[in-house]
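Data file: target-v1.cif. Format and content: mmCIF, C-alpha atoms.
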```cif
data_query
loop_
_atom_site.label_atom_id
_atom_site.label_comp_id
_atom_site.auth_asym_id
_atom_site.auth_seq_id
_atom_site.Cartn_x
_atom_site.Cartn_y
_atom_site.Cartn_z
CA MET A 1 17.34 25.91 -33.41
CA LYS A 2 17.87 29.06 -31.42
CA ASP A 3 17.04 32.48 -32.85
CA THR A 4 20.64 33.60 -32.49
CA ASP A 5 21.75 30.96 -34.99
CA PRO A 6 23.34 32.76 -37.99
CA ILE A 7 21.42 30.50 -40.37
CA ASP A 8 18.09 31.49 -38.78
CA THR A 9 19.13 35.14 -38.85
CA LEU A 10 19.87 34.85 -42.56
CA ILE A 11 16.53 33.14 -43.24
CA GLY A 12 14.68 35.88 -41.35
CA LEU A 13 16.41 38.63 -43.34
CA MET A 14 15.93 36.88 -46.70
CA ALA A 15 12.21 36.50 -45.95
CA ARG A 16 11.95 40.30 -45.91
CA LEU A 17 12.90 40.57 -49.58
CA PRO A 18 10.03 41.28 -51.97
CA GLY A 19 8.93 38.07 -53.67
CA LEU A 20 10.31 35.80 -50.93
CA GLY A 21 8.33 34.48 -47.99
CA PRO A 22 9.48 32.31 -45.09
CA ARG A 23 9.28 29.10 -47.13
CA SER A 24 11.16 30.38 -50.17
CA ALA A 25 13.69 32.11 -47.89
CA ARG A 26 14.46 28.77 -46.25
CA ARG A 27 14.80 27.15 -49.65
CA ALA A 28 17.10 29.94 -50.87
CA VAL A 29 19.30 29.70 -47.76
CA LEU A 30 19.65 25.92 -48.10
CA HIS A 31 20.60 26.45 -51.73
CA LEU A 32 23.15 29.08 -50.70
CA ILE A 33 24.71 26.79 -48.10
CA ARG A 34 24.97 23.96 -50.65
CA LYS A 35 26.55 26.33 -53.17
CA ARG A 36 28.78 28.12 -50.73
CA GLY A 37 31.78 28.55 -53.02
CA PRO A 38 30.11 29.38 -56.34
CA LEU A 39 27.19 31.44 -54.97
CA LEU A 40 27.11 32.31 -51.27
CA GLN A 41 30.59 33.81 -51.04
CA PRO A 42 30.32 35.93 -54.22
CA LEU A 43 26.84 37.03 -53.16
CA SER A 44 27.97 38.08 -49.70
CA GLU A 45 30.88 40.01 -51.24
CA ALA A 46 28.61 41.68 -53.82
CA MET A 47 26.20 42.73 -51.07
CA THR A 48 28.97 44.18 -48.96
CA GLU A 49 30.26 46.07 -52.00
CA VAL A 50 26.82 47.43 -52.93
CA ALA A 51 26.11 48.38 -49.30
CA ARG A 52 29.39 50.29 -49.33
CA THR A 53 29.09 52.01 -52.70
CA ALA A 54 25.46 52.31 -53.81
CA ARG A 55 23.96 55.79 -53.73
CA GLU A 56 21.50 57.99 -55.57
CA CYS A 57 22.80 59.97 -58.52
CA LEU A 58 22.72 63.58 -57.31
CA ASN A 59 21.61 64.70 -60.76
CA CYS A 60 18.91 62.27 -61.87
CA GLY A 61 18.10 59.99 -58.92
CA ASN A 62 19.29 56.78 -60.62
CA VAL A 63 21.03 54.30 -58.32
CA SER A 64 24.72 54.30 -58.94
CA THR A 65 28.07 53.62 -57.38
CA SER A 66 29.24 57.16 -58.03
CA ASP A 67 27.82 60.56 -57.06
CA ILE A 68 26.84 61.19 -60.67
CA CYS A 69 25.65 58.09 -62.55
CA PRO A 70 27.27 56.82 -65.80
CA ILE A 71 24.23 57.92 -67.83
CA CYS A 72 24.48 61.52 -66.61
CA THR A 73 28.23 61.65 -67.27
CA ASP A 74 27.92 60.05 -70.74
CA GLU A 75 28.55 62.97 -73.13
CA GLY A 76 26.91 60.99 -75.95
CA ARG A 77 23.62 61.16 -74.11
CA GLY A 78 23.55 64.93 -73.81
CA ASN A 79 21.22 65.23 -76.79
CA GLY A 80 18.64 67.48 -75.16
CA LEU A 81 16.17 64.64 -74.51
CA LEU A 82 15.14 64.05 -70.91
CA CYS A 83 12.93 61.07 -70.02
CA VAL A 84 11.00 61.43 -66.75
CA VAL A 85 10.23 58.14 -64.95
CA GLU A 86 8.66 57.31 -61.60
CA ASP A 87 11.40 55.12 -60.19
CA VAL A 88 14.66 53.37 -60.97
CA ALA A 89 12.92 50.13 -62.02
CA ASP A 90 11.25 52.12 -64.82
CA LEU A 91 14.61 53.59 -65.88
CA TRP A 92 16.05 50.06 -66.06
CA ALA A 93 13.04 48.92 -68.13
CA MET A 94 13.64 51.77 -70.60
CA GLU A 95 17.35 50.92 -70.78
CA ARG A 96 16.60 47.26 -71.52
CA ALA A 97 14.63 48.34 -74.59
CA GLN A 98 17.90 49.94 -75.82
CA VAL A 99 16.04 52.57 -77.83
CA PHE A 100 16.37 55.77 -75.81
CA ARG A 101 19.74 57.54 -75.99
CA GLY A 102 19.05 60.62 -73.90
CA ARG A 103 19.14 61.11 -70.15
CA TYR A 104 16.67 60.31 -67.39
CA HIS A 105 15.09 62.01 -64.44
CA VAL A 106 13.79 59.72 -61.69
CA LEU A 107 10.97 61.34 -59.70
CA GLY A 108 11.06 58.82 -56.87
CA GLY A 109 7.29 58.29 -56.82
CA THR A 110 4.10 60.01 -57.89
CA LEU A 111 2.12 62.91 -56.48
CA SER A 112 -0.41 61.60 -54.00
CA ALA A 113 -2.66 63.81 -51.91
CA LEU A 114 -3.70 60.79 -49.81
CA ASP A 115 -0.12 59.88 -48.90
CA GLY A 116 0.93 63.53 -48.53
CA VAL A 117 3.38 63.43 -51.45
CA GLY A 118 3.70 66.90 -52.99
CA PRO A 119 6.07 68.24 -55.68
CA ASP A 120 8.82 68.90 -53.12
CA GLU A 121 8.79 65.27 -51.95
CA LEU A 122 9.48 64.22 -55.54
CA ARG A 123 12.49 65.35 -57.54
CA ILE A 124 10.49 68.00 -59.43
CA PRO A 125 12.44 71.15 -58.38
CA ARG A 126 15.63 69.45 -59.54
CA LEU A 127 13.92 68.68 -62.87
CA MET A 128 13.29 72.41 -63.36
CA ASP A 129 16.93 73.18 -62.60
CA ARG A 130 18.13 70.67 -65.18
CA LEU A 131 16.16 72.21 -68.06
CA GLY A 132 18.56 75.12 -68.48
CA ALA A 133 21.70 73.49 -67.10
CA GLU A 134 21.57 70.67 -69.64
CA ASN A 135 19.98 72.54 -72.57
CA VAL A 136 16.97 70.21 -72.56
CA THR A 137 14.83 70.57 -75.70
CA GLU A 138 12.23 67.88 -75.03
CA VAL A 139 10.92 66.24 -71.87
CA ILE A 140 9.41 62.79 -72.44
CA LEU A 141 6.98 61.81 -69.70
CA ALA A 142 7.30 58.02 -69.30
CA LEU A 143 5.12 57.68 -66.21
CA ASN A 144 3.02 54.61 -65.51
CA ALA A 145 -0.46 54.59 -67.08
CA THR A 146 -2.08 54.65 -63.65
CA ILE A 147 -4.24 57.37 -62.09
CA ASP A 148 -1.37 58.64 -59.91
CA GLY A 149 1.12 58.41 -62.78
CA GLN A 150 -1.07 60.37 -65.15
CA THR A 151 -1.97 62.98 -62.49
CA THR A 152 1.74 63.52 -61.95
CA ALA A 153 2.32 63.73 -65.71
CA HIS A 154 -0.33 66.44 -66.04
CA TYR A 155 1.15 68.41 -63.15
CA ILE A 156 4.65 68.30 -64.64
CA ALA A 157 3.37 69.17 -68.11
CA ASP A 158 1.68 72.25 -66.61
CA GLN A 159 4.90 73.31 -64.91
CA LEU A 160 6.91 72.88 -68.10
CA GLU A 161 4.45 74.67 -70.38
CA GLY A 162 6.17 77.35 -72.45
CA ARG A 163 9.64 76.36 -71.26
CA VAL A 164 10.29 73.18 -73.22
CA SER A 165 8.60 70.72 -75.55
CA VAL A 166 6.76 67.98 -73.63
CA SER A 167 5.70 64.55 -74.91
CA SER A 168 4.51 61.32 -73.38
CA LEU A 169 4.72 57.63 -74.29
CA ALA A 170 2.07 56.48 -76.77
CA GLN A 171 -0.78 54.43 -75.39
CA GLY A 172 -2.27 51.56 -77.39
CA VAL A 173 -2.21 47.86 -78.10
CA PRO A 174 1.00 46.25 -76.74
CA ILE A 175 3.12 44.29 -79.25
CA GLY A 176 1.86 40.73 -79.32
CA GLY A 177 -1.37 41.78 -77.58
CA GLU A 178 -4.70 40.25 -78.48
CA LEU A 179 -7.73 42.54 -78.51
CA ASP A 180 -9.83 39.93 -76.73
CA TYR A 181 -7.59 40.14 -73.68
CA LEU A 182 -7.23 43.94 -73.54
CA ASP A 183 -9.16 46.12 -71.13
CA ASP A 184 -11.64 48.71 -72.37
CA GLY A 185 -9.40 51.64 -71.49
CA THR A 186 -6.55 50.37 -73.66
CA ILE A 187 -8.84 49.71 -76.63
CA THR A 188 -10.36 53.18 -76.25
CA ALA A 189 -6.88 54.78 -76.14
CA ALA A 190 -5.71 52.75 -79.14
CA LEU A 191 -8.81 53.69 -81.16
CA ASN A 192 -8.56 57.39 -80.31
CA ALA A 193 -4.87 57.44 -81.30
CA ARG A 194 -5.37 55.39 -84.48
CA LYS A 195 -2.93 56.00 -87.32
CA ARG A 196 -3.36 55.93 -91.09
CA PHE A 197 -2.25 52.44 -92.27
CA MET B 1 25.32 50.06 -67.32
CA LYS B 2 28.47 47.99 -67.56
CA ASP B 3 28.61 44.36 -66.43
CA THR B 4 31.35 45.16 -63.96
CA ASP B 5 28.98 47.42 -62.03
CA PRO B 6 28.60 45.99 -58.49
CA ILE B 7 24.84 46.50 -58.68
CA ASP B 8 24.61 44.43 -61.87
CA THR B 9 26.83 41.78 -60.32
CA LEU B 10 24.52 41.58 -57.33
CA ILE B 11 21.42 41.33 -59.56
CA GLY B 12 23.04 38.52 -61.56
CA LEU B 13 23.86 36.56 -58.39
CA MET B 14 20.46 37.13 -56.81
CA ALA B 15 18.78 35.85 -60.00
CA ARG B 16 20.46 32.48 -59.40
CA LEU B 17 18.54 31.92 -56.16
CA PRO B 18 15.67 29.45 -56.39
CA GLY B 19 12.36 31.29 -56.68
CA LEU B 20 13.93 34.47 -58.07
CA GLY B 21 14.29 35.31 -61.77
CA PRO B 22 15.92 38.33 -63.40
CA ARG B 23 12.87 40.55 -62.80
CA SER B 24 12.37 39.67 -59.15
CA ALA B 25 16.14 39.88 -58.59
CA ARG B 26 16.13 43.48 -59.88
CA ARG B 27 13.17 44.28 -57.65
CA ALA B 28 14.88 42.70 -54.65
CA VAL B 29 18.13 44.60 -55.27
CA LEU B 30 16.32 47.94 -55.60
CA HIS B 31 14.53 47.14 -52.35
CA LEU B 32 17.87 46.32 -50.71
CA ILE B 33 19.44 49.58 -51.89
CA ARG B 34 16.47 51.57 -50.57
CA LYS B 35 16.67 49.74 -47.22
CA ARG B 36 20.42 49.78 -46.97
CA GLY B 37 20.65 50.34 -43.20
CA PRO B 38 17.82 48.14 -41.94
CA LEU B 39 18.18 45.31 -44.46
CA LEU B 40 21.14 45.30 -46.86
CA GLN B 41 23.87 45.70 -44.28
CA PRO B 42 22.50 43.10 -41.83
CA LEU B 43 21.88 40.73 -44.75
CA SER B 44 25.40 41.09 -46.10
CA GLU B 45 26.81 40.51 -42.61
CA ALA B 46 24.57 37.46 -42.07
CA MET B 47 25.70 36.02 -45.42
CA THR B 48 29.34 36.53 -44.60
CA GLU B 49 28.80 34.89 -41.22
CA VAL B 50 26.95 31.89 -42.71
CA ALA B 51 29.55 31.52 -45.47
CA ARG B 52 32.20 31.43 -42.75
CA THR B 53 30.50 29.10 -40.29
CA ALA B 54 27.90 26.87 -41.99
CA ARG B 55 28.80 23.20 -42.39
CA GLU B 56 27.21 19.77 -42.37
CA CYS B 57 26.79 18.05 -39.04
CA LEU B 58 29.29 15.18 -39.17
CA ASN B 59 26.84 12.95 -37.35
CA CYS B 60 23.44 13.53 -39.00
CA GLY B 61 24.00 15.76 -42.06
CA ASN B 62 21.92 18.69 -40.74
CA VAL B 63 23.32 22.13 -41.60
CA SER B 64 24.87 23.73 -38.57
CA THR B 65 27.43 26.23 -37.45
CA SER B 66 29.30 23.57 -35.44
CA ASP B 67 30.81 20.21 -36.39
CA ILE B 68 28.05 18.43 -34.49
CA CYS B 69 24.64 20.13 -34.67
CA PRO B 70 22.64 21.25 -31.61
CA ILE B 71 20.10 18.45 -32.12
CA CYS B 72 22.79 15.76 -32.02
CA THR B 73 24.40 17.25 -28.92
CA ASP B 74 21.06 17.70 -27.09
CA GLU B 75 21.10 14.96 -24.42
CA GLY B 76 17.32 15.27 -24.05
CA ARG B 77 16.93 14.00 -27.60
CA GLY B 78 18.87 10.79 -27.04
CA ASN B 79 15.66 8.79 -26.58
CA GLY B 80 16.48 6.04 -29.06
CA LEU B 81 14.26 7.45 -31.82
CA LEU B 82 15.94 8.27 -35.12
CA CYS B 83 13.98 9.98 -37.89
CA VAL B 84 15.39 9.48 -41.41
CA VAL B 85 14.67 12.34 -43.85
CA GLU B 86 15.76 13.06 -47.41
CA ASP B 87 17.19 16.51 -46.89
CA VAL B 88 17.59 19.37 -44.44
CA ALA B 89 14.40 21.09 -45.61
CA ASP B 90 12.46 18.01 -44.46
CA LEU B 91 14.25 18.09 -41.10
CA TRP B 92 13.23 21.73 -40.69
CA ALA B 93 9.63 20.86 -41.63
CA MET B 94 9.56 18.15 -38.93
CA GLU B 95 11.04 20.57 -36.38
CA ARG B 96 8.38 23.20 -37.17
CA ALA B 97 5.70 20.67 -36.22
CA GLN B 98 7.37 20.55 -32.75
CA VAL B 99 6.19 17.02 -32.13
CA PHE B 100 9.30 14.86 -32.60
CA ARG B 101 11.81 14.87 -29.77
CA GLY B 102 14.34 12.35 -31.06
CA ARG B 103 17.26 12.81 -33.43
CA TYR B 104 17.47 12.94 -37.22
CA HIS B 105 19.48 11.39 -39.99
CA VAL B 106 19.62 13.36 -43.25
CA LEU B 107 20.25 11.09 -46.27
CA GLY B 108 21.08 13.93 -48.65
CA GLY B 109 18.80 12.63 -51.43
CA THR B 110 17.18 9.43 -52.57
CA LEU B 111 18.47 6.34 -54.33
CA SER B 112 18.22 6.82 -58.07
CA ALA B 113 19.49 4.33 -60.63
CA LEU B 114 18.97 6.91 -63.39
CA ASP B 115 21.10 9.55 -61.68
CA GLY B 116 23.65 6.98 -60.47
CA VAL B 117 22.89 7.57 -56.79
CA GLY B 118 23.63 4.43 -54.80
CA PRO B 119 23.66 3.79 -51.01
CA ASP B 120 27.24 5.06 -50.68
CA GLU B 121 26.32 8.43 -52.26
CA LEU B 122 23.71 8.85 -49.54
CA ARG B 123 24.46 8.84 -45.82
CA ILE B 124 23.31 5.23 -45.39
CA PRO B 125 26.59 3.67 -44.08
CA ARG B 126 26.70 6.38 -41.41
CA LEU B 127 23.09 5.49 -40.48
CA MET B 128 24.17 1.91 -39.83
CA ASP B 129 27.02 3.12 -37.63
CA ARG B 130 24.68 5.25 -35.54
CA LEU B 131 22.34 2.38 -34.63
CA GLY B 132 24.73 0.92 -32.08
CA ALA B 133 26.60 4.08 -31.18
CA GLU B 134 23.43 5.88 -30.10
CA ASN B 135 21.40 2.90 -28.84
CA VAL B 136 18.70 3.48 -31.44
CA THR B 137 15.53 1.51 -30.72
CA GLU B 138 13.32 2.73 -33.56
CA VAL B 139 14.05 4.21 -36.97
CA ILE B 140 11.19 6.33 -38.35
CA LEU B 141 11.34 6.64 -42.14
CA ALA B 142 10.01 10.13 -42.97
CA LEU B 143 10.82 10.08 -46.67
CA ASN B 144 8.72 11.88 -49.26
CA ALA B 145 5.74 9.95 -50.62
CA THR B 146 7.30 9.88 -54.10
CA ILE B 147 8.51 6.88 -56.11
CA ASP B 148 12.17 7.61 -55.31
CA GLY B 149 11.41 8.36 -51.66
CA GLN B 150 9.49 5.11 -51.19
CA THR B 151 12.10 3.06 -53.09
CA THR B 152 14.73 4.43 -50.74
CA ALA B 153 12.54 3.70 -47.72
CA HIS B 154 12.14 0.07 -48.80
CA TYR B 155 15.89 -0.28 -49.33
CA ILE B 156 16.68 1.12 -45.86
CA ALA B 157 13.98 -0.99 -44.22
CA ASP B 158 15.56 -4.08 -45.79
CA GLN B 159 18.99 -3.11 -44.48
CA LEU B 160 17.65 -2.52 -40.97
CA GLU B 161 15.58 -5.70 -40.75
CA GLY B 162 16.31 -7.64 -37.60
CA ARG B 163 18.55 -4.92 -36.18
CA VAL B 164 16.04 -2.31 -35.04
CA SER B 165 12.33 -1.52 -35.17
CA VAL B 166 11.39 0.39 -38.34
CA SER B 167 8.30 2.55 -38.91
CA SER B 168 7.22 5.11 -41.47
CA LEU B 169 4.94 8.15 -41.44
CA ALA B 170 1.24 7.36 -41.84
CA GLN B 171 -0.30 8.10 -45.22
CA GLY B 172 -3.85 9.40 -45.49
CA VAL B 173 -6.07 12.46 -45.74
CA PRO B 174 -4.15 15.63 -44.73
CA ILE B 175 -5.66 17.72 -41.93
CA GLY B 176 -8.10 20.19 -43.49
CA GLY B 177 -8.10 18.17 -46.72
CA GLU B 178 -11.28 17.71 -48.74
CA LEU B 179 -11.85 14.34 -50.39
CA ASP B 180 -12.99 15.97 -53.61
CA TYR B 181 -9.54 17.52 -54.07
CA LEU B 182 -7.45 14.47 -53.15
CA ASP B 183 -5.79 12.21 -55.69
CA ASP B 184 -6.78 8.55 -56.04
CA GLY B 185 -3.57 7.27 -54.47
CA THR B 186 -4.13 9.24 -51.25
CA ILE B 187 -7.74 8.09 -50.97
CA THR B 188 -6.67 4.47 -51.55
CA ALA B 189 -3.96 4.75 -48.88
CA ALA B 190 -6.38 6.39 -46.43
CA LEU B 191 -9.01 3.70 -47.00
CA ASN B 192 -6.53 0.83 -46.64
CA ALA B 193 -5.20 2.32 -43.39
CA ARG B 194 -8.64 3.15 -41.99
CA LYS B 195 -9.04 3.12 -38.21
CA ARG B 196 -11.93 2.16 -35.93
CA PHE B 197 -13.78 5.40 -35.06
#
```
What do you get writing this file as C-alpha cells?
Amino acid sequence: MKDTDPIDTLIGLMARLPGLGPRSARRAVLHLIRKRGPLLQPLSEAMTEVARTARECLNCGNVSTSDICPICTDEGRGNGLLCVVEDVADLWAMERAQVFRGRYHVLGGTLSALDGVGPDELRIPRLMDRLGAENVTEVILALNATIDGQTTAHYIADQLEGRVSVSSLAQGVPIGGELDYLDDGTITAALNARKRF
Amino acid sequence: MKDTDPIDTLIGLMARLPGLGPRSARRAVLHLIRKRGPLLQPLSEAMTEVARTARECLNCGNVSTSDICPICTDEGRGNGLLCVVEDVADLWAMERAQVFRGRYHVLGGTLSALDGVGPDELRIPRLMDRLGAENVTEVILALNATIDGQTTAHYIADQLEGRVSVSSLAQGVPIGGELDYLDDGTITAALNARKRF
C-alpha cells in the first residue's frame, strides 16, 4: 500500500496517540472500518467538533468548549474553596470522586529548574489574581506526591502565606491498600499523620 | 461536566476502540486537545476521509479505498499464487514481511459450528470463482495455527482437491525462538517437519 493511502495515513496518526503503538493503531483502524456506521462516523464528527470548539478556560485552565468553563461559571461552586491541580487529568480525577464542590485552578505543570519551568510558565500569577476576585478563603493544594509536585506545592504555599488559608491532600494508606505492598515513604507518612482511633 | 459535552462524547467513543479503556481514552483526548494543530485536526480529517472512502475489495475482501484493491489490480501480482488469510490484519502482516508477491483472499473469519459460521458466511464461494478467473496455480493457506483456523484450512483444502495445488505455511520454531519457551505442540510440529541440515 502506498503512503498516500488514507487508511495508512489514519494508522500513522492513530499510532501517535499515547497508549497506542503501530500494532494497536492498525487493530483500532480495522475495527473502525468494520464499525463505520456505529463508531467511525460518530468519532470523526466528535473529533471535528472538539477540534473546532475545545479551548482552555481563561479563568482556571480547564479544557472546555467555552471561554469560561462550566465549573467556573457554576454559581453553586463559588464557595471560597479553590483546589490547585497540576493538569486537567487531575481535575477530572477529582471530579470523578464527586466530593469537591468548589472551583479548580490548573497549573499546567510543575516548577522544574531542569526543564526551565518557572512560576510564569505555570498559571501561578493568575492564581494570585483569583484570590481576591473570587473571595477565596482556602486554597487546597492537590498536587501529585512527587518531588516536583511537592516542590511546587511548597513554592505556592510560600506565596500564599498570610493571604489565605492553605491546605493539602492528606497522605497515607490508600483505601483498600495492604501495608505489605506499600512503599516506605507512604508508611512513614501514614504513621506520622496517625489519628486517634 | 454534562454528557452532551463534545469532549465527553469524544472520550466515550474513543473508549470503545480496542486497546483503549476509559482511562487511556481520557489521556488520549487530553493529548489530542493539547496537540490540536499537529494531531487532532489531521486525525479528524483522516477519519472523515476513511469513513467516506473505505470499503471491502469486491474481489479479495481486503480493505481499500477503491472497489478493487491495489493488490488485485497490480498486474505484477498475477503470478498464479493466491494466499488465503482469515482477516485483513493477517494480510497486512504478510505484506509487512515483503516476501509474498502474489494475491490474497480474505475469508473474513473461520468456520465455526458454535457461532453458526458456515462456508457461505465466509468468502469461500468467491474463492472458488477466482481459481479459474485468475488462472490460480497454487493456493497457500495462511490461516492461524488455532483449532478454528486449521479446521477451516482442512475444509478449504478438501474443496480445492483436484482443482489446484494447495499448500500451507510451515509450522516450527519461530526465528529467534528459544526451545525452553516453546509449547509442546510447536516442538512436536518442528520435530515432525525436521529438515536435513
Per residue of chain A within 9 Å of chain B, note the shortest atom pair and the distance in Å to one decimal, counting all atoms listed in the file, and order the rows by chain and increasing residue number, as a tab-separated table.
```
residue	atom	partner	partner_atom	distance
A:Met1	CA	B:Pro70	CA	7.3
A:Asp5	CA	B:Thr65	CA	7.8
A:Pro6	CA	B:Val50	CA	6.0
A:Ile7	CA	B:Val50	CA	6.2
A:Thr9	CA	B:Ala46	CA	6.7
A:Leu10	CA	B:Ala46	CA	5.4
A:Leu13	CA	B:Leu43	CA	6.0
A:Met14	CA	B:Leu43	CA	7.4
A:Arg16	CA	B:Leu39	CA	8.1
A:Leu17	CA	B:Ala28	CA	5.8
A:Pro18	CA	B:Ala28	CA	5.7
A:Gly19	CA	B:Ser24	CA	6.7
A:Leu20	CA	B:Gly19	CA	7.6
A:Ser24	CA	B:Gly19	CA	6.7
A:Ala25	CA	B:Gly19	CA	8.9
A:Arg26	CA	B:Ala89	CA	7.7
A:Arg27	CA	B:Pro18	CA	7.2
A:Ala28	CA	B:Pro18	CA	5.7
A:Val29	CA	B:Leu17	CA	8.7
A:Leu30	CA	B:Ala89	CA	7.6
A:His31	CA	B:Leu17	CA	7.3
A:Leu32	CA	B:Leu17	CA	7.7
A:Ile33	CA	B:Ala54	CA	6.9
A:Arg36	CA	B:Ala51	CA	6.3
A:Gly37	CA	B:Ala51	CA	8.4
A:Leu39	CA	B:Leu13	CA	7.0
A:Leu40	CA	B:Ala51	CA	6.3
A:Gln41	CA	B:Ala51	CA	6.1
A:Pro42	CA	B:Leu13	CA	7.7
A:Leu43	CA	B:Leu13	CA	6.0
A:Ser44	CA	B:Met47	CA	5.3
A:Glu45	CA	B:Ser44	CA	7.6
A:Ala46	CA	B:Leu10	CA	5.4
A:Met47	CA	B:Ser44	CA	5.3
A:Thr48	CA	B:Ser44	CA	5.5
A:Glu49	CA	B:Pro6	CA	6.7
A:Val50	CA	B:Pro6	CA	6.0
A:Ala51	CA	B:Gln41	CA	6.1
A:Arg52	CA	B:Gln41	CA	8.8
A:Thr53	CA	B:Pro6	CA	8.4
A:Ala54	CA	B:Ile33	CA	6.9
A:Arg55	CA	B:Ile33	CA	7.9
A:Val63	CA	B:Ile33	CA	8.1
A:Ser64	CA	B:Ile7	CA	7.8
A:Thr65	CA	B:Pro6	CA	7.7
A:Pro70	CA	B:Met1	CA	7.2
A:Ile71	CA	B:Met1	CA	8.0
A:Val88	CA	B:Leu30	CA	7.8
A:Ala89	CA	B:Arg27	CA	7.3
A:Glu95	CA	B:Met1	CA	8.7
```
I'd like the neighbourhood of Cys72 in chain B as a PDB file with C-alpha atoms, in the frame of the given file, where a residue qualifies if any of its atoms comes within 12 Å (using all atoms listed in the file), though same-chain residues fewer than 3 positions away should be ignored.
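Wrote it out as result.pdb, contents follow:
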```pdb
ATOM      1  CA  MET A   1      17.340  25.910 -33.410  1.00  0.00           C
TER       2      MET A   1
ATOM      3  CA  GLU B  56      27.210  19.770 -42.370  1.00  0.00           C
ATOM      4  CA  CYS B  57      26.790  18.050 -39.040  1.00  0.00           C
ATOM      5  CA  LEU B  58      29.290  15.180 -39.170  1.00  0.00           C
ATOM      6  CA  ASN B  59      26.840  12.950 -37.350  1.00  0.00           C
ATOM      7  CA  CYS B  60      23.440  13.530 -39.000  1.00  0.00           C
ATOM      8  CA  GLY B  61      24.000  15.760 -42.060  1.00  0.00           C
ATOM      9  CA  ASN B  62      21.920  18.690 -40.740  1.00  0.00           C
ATOM     10  CA  VAL B  63      23.320  22.130 -41.600  1.00  0.00           C
ATOM     11  CA  SER B  64      24.870  23.730 -38.570  1.00  0.00           C
ATOM     12  CA  SER B  66      29.300  23.570 -35.440  1.00  0.00           C
ATOM     13  CA  ASP B  67      30.810  20.210 -36.390  1.00  0.00           C
ATOM     14  CA  ILE B  68      28.050  18.430 -34.490  1.00  0.00           C
ATOM     15  CA  CYS B  69      24.640  20.130 -34.670  1.00  0.00           C
ATOM     16  CA  GLU B  75      21.100  14.960 -24.420  1.00  0.00           C
ATOM     17  CA  GLY B  76      17.320  15.270 -24.050  1.00  0.00           C
ATOM     18  CA  ARG B  77      16.930  14.000 -27.600  1.00  0.00           C
ATOM     19  CA  GLY B  78      18.870  10.790 -27.040  1.00  0.00           C
ATOM     20  CA  ASN B  79      15.660   8.790 -26.580  1.00  0.00           C
ATOM     21  CA  GLY B  80      16.480   6.040 -29.060  1.00  0.00           C
ATOM     22  CA  LEU B  81      14.260   7.450 -31.820  1.00  0.00           C
ATOM     23  CA  LEU B  82      15.940   8.270 -35.120  1.00  0.00           C
ATOM     24  CA  ARG B 101      11.810  14.870 -29.770  1.00  0.00           C
ATOM     25  CA  GLY B 102      14.340  12.350 -31.060  1.00  0.00           C
ATOM     26  CA  ARG B 103      17.260  12.810 -33.430  1.00  0.00           C
ATOM     27  CA  TYR B 104      17.470  12.940 -37.220  1.00  0.00           C
ATOM     28  CA  HIS B 105      19.480  11.390 -39.990  1.00  0.00           C
ATOM     29  CA  VAL B 106      19.620  13.360 -43.250  1.00  0.00           C
ATOM     30  CA  ARG B 130      24.680   5.250 -35.540  1.00  0.00           C
ATOM     31  CA  GLU B 134      23.430   5.880 -30.100  1.00  0.00           C
TER      32      GLU B 134
END
```
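Considering the residues A:Val139, A:Ala133, A:Ile124, A:Ala190 and counting only C-alpha atoms, Glu161 in chain A has its shortest atom-to-atom contact with A:Val139.
For the atom pair formed by CA of Asp120 in chain B and CA of Gly108 in chain B, the distance is 11.0 Å, given to one decimal.
Interatomic distance, CA of Asp183 in chain A against CA of Val117 in chain A: 29.1 Å.
One finds CA of Met94 in chain B at 20.1 Å from CA of Thr4 in chain A.
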When the PyMOL selection byres ((chain B and resi 150) around 12) is applied to the file above, which residues end up in the set, as a PyMOL selection string?
-> chain B and resi 85-86+109-112+141-149+151-157+168-169+171
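With only C-alpha atoms as the atoms that count, the minimum distance from Thr137 in chain A to the choices A:Ala113, A:Val166, A:Leu179, A:Ala193 is reached by A:Val166.
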Enclose the full set of atoms of range 15-27 of chain A listed in the file within a box whose edges lie along x, y and z, apply 5 Å of padding to each of the six sides, and report centre and edge lengths in Å to one decimal as AutoDock Vina command-line options.
```
--center_x 11.6 --center_y 34.2 --center_z -49.4 --size_x 16.5 --size_y 24.1 --size_z 18.6
```
